[in-house]
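So the structure is just underneath, and the comments pick up after that.
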Number of protein chains: 2
Amino acid sequence: MEALKERIRREGRNLGNGILKVDSFLNHQVDPALMLAVGGALAARFGAMGINKVLTAEISGIAPALTTALALGVPVVYARKTRPVTMPRQVYRETAPSHTKGIDVELMVSPEFLGPQDKVLIIDDFLARGKTIDALVRLAQAAQAEIKGVGVVIEKAFEGGRLELAYLKVPVHSLAVIARMEDGEITFE
Amino acid sequence: MEALKERIRREGRNLGNGILKVDSFLNHQVDPALMLAVGGALAARFGAMGINKVLTAEISGIAPALTTALALGVPVVYARKTRPVTMPRQVYRETAPSHTKGIDVELMVSPEFLGPQDKVLIIDDFLARGKTIDALVRLAQAAQAEIKGVGVVIEKAFEGGRLELAYLKVPVHSLAVIARMEDGEITFE
């Protein structure tokens, strides 16, 4: 997706250790028009697969997942990291090690909103080592939902997440694939 | 906003102690089409005020704030509760007591994305006691931004948040105002 790559070239910053800062349009400040285009592009890729639910993780997955779900005309469920008082005691619960925080993050989904009837598209902002997406996969599997595909905004190919998800045998699509982040540079595939 | 009230009537659950569960379309599962309508309605209310930024708090504010910002054609900034590695050390930082969690929640915004040039519309999912919105107000004030208005999806009028925000002397607009939540009922104003 050229508009996204152009935005990464212009505003993305390589902070070292594989950390890409895109806080001006994706992770702190969000550009809604770009997110609408991102959602449209992801929906176009997965549109003909009978998807009836988008699944993502709070926090940064919410914006692209919402616009993808909007374009697909289906609801989006975001896995919660802390249990709100409105959530039942019995939930699907998986953990994912967080790259940037150095701790395990818990992800929870209520069985009220994910089940065997669901054909799920998993959406997230980043595909790095694939750990968060793998936790979303396990949540969907625990709910006996069918996983139809994985869509991400930015893939850091050098972190190997795509290989990590190969066992799923579903399409994994990224709108911008970064091959290398060396010497302060950001190099697309 | 009638479509929203209808949805609350149909799917909202009064869990007691003033807690309204709307997890099927706003707080865990999100209905993107409803959110688009919510954003359109909030943007219509505040459209002519020169707003150039929407400010919200993660997590549940993100969806309605994104669609409002989309309709206004401006960026949205969501205040973070934990500092990501991409955030500078020097940030605007305020705390808000959380009604449902019983603890103080920290909200942070980077000075990169909020400053004296900004005319801000604050958006959140709920107006209850007004504590989260008041923390967002203080963040905007710390950044010397001008606050033009406050828009929320659902107001629980019986918790007094509107009075709490009266000192701001800016329009506060809610799309659905709940007057009472007694005996398992949900009564609109």
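Chains: A, B, ... in order of the structure tokens. Residues: from 1 per chain. Ligands: from 1, in order shown.
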
Pull out every residue of chain B that has at least one atom within 7 Å of chain A, counting only C-alpha atoms, and report them as a PyMOL selection string. chain B and resi 21+28-33+59+63+66+69-70+75-78+85-86+100+113

Selection: 8 Å around segment 164-168 of chain A, only C-alpha atoms, excl. self and same-chain fewer than 3 positions, as a list in words: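 The filter keeps Arg129, Gly130, Asp134, Gly160 and Gly161 of chain A.
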
Could those selected residues go to a file with all heavy atoms, as a PDB file, in the first residue's frame?
ATOM      1  N   ARG A 129       7.360 -10.627  15.861  1.00  0.00           N
ATOM      2  CA  ARG A 129       7.662 -12.037  16.107  1.00  0.00           C
ATOM      3  C   ARG A 129       6.398 -12.901  16.047  1.00  0.00           C
ATOM      4  O   ARG A 129       6.470 -14.125  16.124  1.00  0.00           O
ATOM      5  CB  ARG A 129       8.346 -12.190  17.472  1.00  0.00           C
ATOM      6  CG  ARG A 129       9.749 -11.550  17.506  1.00  0.00           C
ATOM      7  CD  ARG A 129      10.467 -11.876  18.804  1.00  0.00           C
ATOM      8  NE  ARG A 129       9.698 -11.389  19.956  1.00  0.00           N
ATOM      9  CZ  ARG A 129       9.786 -11.890  21.192  1.00  0.00           C
ATOM     10  NH1 ARG A 129      10.588 -12.920  21.434  1.00  0.00           N
ATOM     11  NH2 ARG A 129       9.076 -11.375  22.176  1.00  0.00           N
ATOM     12  N   GLY A 130       5.260 -12.257  15.945  1.00  0.00           N
ATOM     13  CA  GLY A 130       4.008 -13.002  15.788  1.00  0.00           C
ATOM     14  C   GLY A 130       3.384 -13.456  17.090  1.00  0.00           C
ATOM     15  O   GLY A 130       2.406 -14.213  17.084  1.00  0.00           O
ATOM     16  N   ASP A 134      -0.319 -14.795  17.569  1.00  0.00           N
ATOM     17  CA  ASP A 134      -0.442 -16.198  17.955  1.00  0.00           C
ATOM     18  C   ASP A 134      -1.374 -16.356  19.163  1.00  0.00           C
ATOM     19  O   ASP A 134      -2.148 -17.327  19.231  1.00  0.00           O
ATOM     20  CB  ASP A 134       0.948 -16.781  18.267  1.00  0.00           C
ATOM     21  CG  ASP A 134       0.914 -18.297  18.264  1.00  0.00           C
ATOM     22  OD1 ASP A 134       0.506 -18.874  17.232  1.00  0.00           O
ATOM     23  OD2 ASP A 134       1.268 -18.903  19.296  1.00  0.00           O
ATOM     24  N   GLY A 160      10.621 -12.475  11.766  1.00  0.00           N
ATOM     25  CA  GLY A 160      10.244 -13.878  11.569  1.00  0.00           C
ATOM     26  C   GLY A 160       8.833 -14.285  11.920  1.00  0.00           C
ATOM     27  O   GLY A 160       8.517 -15.475  11.959  1.00  0.00           O
ATOM     28  N   GLY A 161       7.952 -13.321  12.169  1.00  0.00           N
ATOM     29  CA  GLY A 161       6.589 -13.651  12.586  1.00  0.00           C
ATOM     30  C   GLY A 161       5.811 -14.452  11.555  1.00  0.00           C
ATOM     31  O   GLY A 161       5.000 -15.322  11.899  1.00  0.00           O
TER      32      GLY A 161
END

Find the spatial neighbours of Leu139 of chain A, counting only C-alpha atoms, within a cut-off of 7 Å - ignore same-chain residues fewer than 4 positions away - and output them as an NGL selection string. :A and (92-94 or 135 or 143)

Based on the backbone DSSP call, show me all residues of segment 9-168 of chain B assigned strand (DSSP E), as a PyMOL selection string. chain B and resi 13-14+20-21+29-30+53-57+76-79+92-97+104-109+119-127+146-156

Could the residues in this selection be written to a file with N, CA and C atoms, as a compact mmCIF listing (two decimals), in the first residue's frame?
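Heads up, here's the output in result22.txt:
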# COMPACT_ATOMS: atom_id res chain seq x y z
N ARG B 13 -27.25 -3.77 29.40
CA ARG B 13 -27.68 -4.44 30.64
C ARG B 13 -27.25 -3.62 31.86
N ASN B 14 -28.20 -3.39 32.71
CA ASN B 14 -27.95 -2.70 33.97
C ASN B 14 -27.45 -3.72 34.98
N LEU B 20 -23.37 0.06 33.41
CA LEU B 20 -24.10 -0.27 32.20
C LEU B 20 -23.20 -1.11 31.30
N LYS B 21 -23.66 -2.32 31.01
CA LYS B 21 -22.90 -3.19 30.12
C LYS B 21 -23.37 -3.00 28.69
N GLN B 29 -17.01 -6.00 22.01
CA GLN B 29 -17.36 -6.08 20.61
C GLN B 29 -17.83 -4.68 20.20
N VAL B 30 -17.41 -4.26 19.01
CA VAL B 30 -17.77 -2.93 18.53
C VAL B 30 -18.49 -3.06 17.20
N LYS B 53 -8.11 18.84 16.27
CA LYS B 53 -7.64 17.60 16.88
C LYS B 53 -8.69 17.02 17.81
N VAL B 54 -8.83 15.70 17.75
CA VAL B 54 -9.69 15.00 18.71
C VAL B 54 -8.79 14.34 19.74
N LEU B 55 -9.17 14.44 21.00
CA LEU B 55 -8.39 13.84 22.09
C LEU B 55 -9.28 12.86 22.84
N THR B 56 -8.75 11.66 23.08
CA THR B 56 -9.50 10.67 23.85
C THR B 56 -8.53 9.90 24.74
N ALA B 57 -9.07 8.93 25.46
CA ALA B 57 -8.24 8.09 26.32
C ALA B 57 -8.38 6.65 25.86
N VAL B 76 -6.66 12.14 15.50
CA VAL B 76 -7.08 11.85 16.87
C VAL B 76 -5.85 11.41 17.67
N VAL B 77 -5.75 11.90 18.88
CA VAL B 77 -4.68 11.47 19.80
C VAL B 77 -5.33 10.72 20.94
N TYR B 78 -4.84 9.51 21.22
CA TYR B 78 -5.36 8.84 22.41
C TYR B 78 -4.31 8.84 23.50
N ALA B 79 -4.72 9.35 24.67
CA ALA B 79 -3.83 9.37 25.83
C ALA B 79 -3.54 7.94 26.23
N TYR B 92 3.12 15.01 29.01
CA TYR B 92 2.05 15.51 29.87
C TYR B 92 1.43 14.31 30.56
N ARG B 93 1.19 14.44 31.85
CA ARG B 93 0.79 13.28 32.65
C ARG B 93 -0.24 13.73 33.68
N GLU B 94 -1.38 13.08 33.70
CA GLU B 94 -2.42 13.39 34.69
C GLU B 94 -2.99 12.07 35.19
N THR B 95 -3.61 12.10 36.35
CA THR B 95 -4.23 10.88 36.85
C THR B 95 -5.73 11.09 37.02
N ALA B 96 -6.46 9.99 36.84
CA ALA B 96 -7.91 10.00 37.03
C ALA B 96 -8.28 8.79 37.86
N PRO B 97 -9.11 8.99 38.90
CA PRO B 97 -9.59 7.82 39.65
C PRO B 97 -10.56 7.02 38.78
N ASP B 104 -6.25 4.68 40.80
CA ASP B 104 -5.94 5.82 39.95
C ASP B 104 -5.31 5.34 38.64
N VAL B 105 -5.81 5.88 37.56
CA VAL B 105 -5.26 5.55 36.24
C VAL B 105 -4.47 6.75 35.74
N GLU B 106 -3.29 6.49 35.21
CA GLU B 106 -2.46 7.55 34.67
C GLU B 106 -2.76 7.72 33.19
N LEU B 107 -2.79 8.95 32.73
CA LEU B 107 -2.98 9.23 31.31
C LEU B 107 -1.83 10.11 30.84
N MET B 108 -1.22 9.72 29.72
CA MET B 108 -0.05 10.43 29.20
C MET B 108 -0.23 10.83 27.74
N VAL B 109 0.20 12.04 27.42
CA VAL B 109 0.21 12.48 26.02
C VAL B 109 1.57 13.09 25.73
N LYS B 119 -6.83 23.10 18.69
CA LYS B 119 -8.20 23.37 19.13
C LYS B 119 -8.87 22.01 19.25
N VAL B 120 -9.14 21.61 20.48
CA VAL B 120 -9.36 20.20 20.80
C VAL B 120 -10.83 19.89 21.09
N LEU B 121 -11.28 18.79 20.50
CA LEU B 121 -12.57 18.20 20.89
C LEU B 121 -12.25 16.93 21.68
N ILE B 122 -12.71 16.87 22.93
CA ILE B 122 -12.51 15.68 23.76
C ILE B 122 -13.68 14.73 23.55
N ILE B 123 -13.34 13.47 23.25
CA ILE B 123 -14.37 12.45 23.01
C ILE B 123 -14.14 11.27 23.95
N ASP B 124 -15.21 10.73 24.52
CA ASP B 124 -15.07 9.48 25.29
C ASP B 124 -16.34 8.65 25.14
N ASP B 125 -16.23 7.39 25.53
CA ASP B 125 -17.41 6.53 25.40
C ASP B 125 -18.48 6.90 26.43
N PHE B 126 -18.05 7.16 27.69
CA PHE B 126 -18.99 7.45 28.77
C PHE B 126 -18.68 8.79 29.45
N LEU B 127 -19.74 9.49 29.84
CA LEU B 127 -19.61 10.56 30.82
C LEU B 127 -20.36 10.09 32.05
N GLU B 146 -6.39 24.66 23.21
CA GLU B 146 -7.70 25.26 23.51
C GLU B 146 -8.77 24.18 23.43
N ILE B 147 -9.56 24.04 24.48
CA ILE B 147 -10.63 23.02 24.49
C ILE B 147 -11.90 23.65 23.93
N LYS B 148 -12.42 23.04 22.86
CA LYS B 148 -13.59 23.61 22.18
C LYS B 148 -14.89 22.91 22.58
N GLY B 149 -14.79 21.67 23.04
CA GLY B 149 -16.01 20.96 23.40
C GLY B 149 -15.71 19.56 23.89
N VAL B 150 -16.75 18.95 24.44
CA VAL B 150 -16.66 17.58 24.95
C VAL B 150 -17.84 16.80 24.37
N GLY B 151 -17.54 15.67 23.73
CA GLY B 151 -18.59 14.84 23.17
C GLY B 151 -18.48 13.42 23.69
N VAL B 152 -19.61 12.84 24.11
CA VAL B 152 -19.58 11.47 24.60
C VAL B 152 -20.71 10.66 23.97
N VAL B 153 -20.51 9.36 23.99
CA VAL B 153 -21.51 8.48 23.42
C VAL B 153 -22.68 8.34 24.39
N ILE B 154 -22.39 7.94 25.63
CA ILE B 154 -23.44 7.70 26.61
C ILE B 154 -23.16 8.48 27.89
N GLU B 155 -24.15 9.26 28.32
CA GLU B 155 -24.02 10.01 29.58
C GLU B 155 -24.91 9.37 30.64
N LYS B 156 -24.32 9.10 31.81
CA LYS B 156 -25.12 8.66 32.96
C LYS B 156 -25.36 9.90 33.81

Nearest to Val170 of chain B by atom-to-atom distance, counting only C-alpha atoms, from B:Val137, B:Ile103, B:Ala128, B:Ala43: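 Between B:Val137, B:Ile103, B:Ala128, B:Ala43, the residue approaching Val170 of chain B most closely is B:Val137.
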
What's the separation between atom CA of Ala176 of chain B and atom CA of Glu2 of chain B, in Å to one decimal place?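 Calculated distance between atom CA of Ala176 of chain B and atom CA of Glu2 of chain B is 8.1 Å.
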
State, in Å with one decimal place, the distance from atom CA of Met181 of chain B to atom CA of Gly18 of chain B.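 Atom CA of Gly18 of chain B lies at a distance of 6.3 Å from atom CA of Met181 of chain B.
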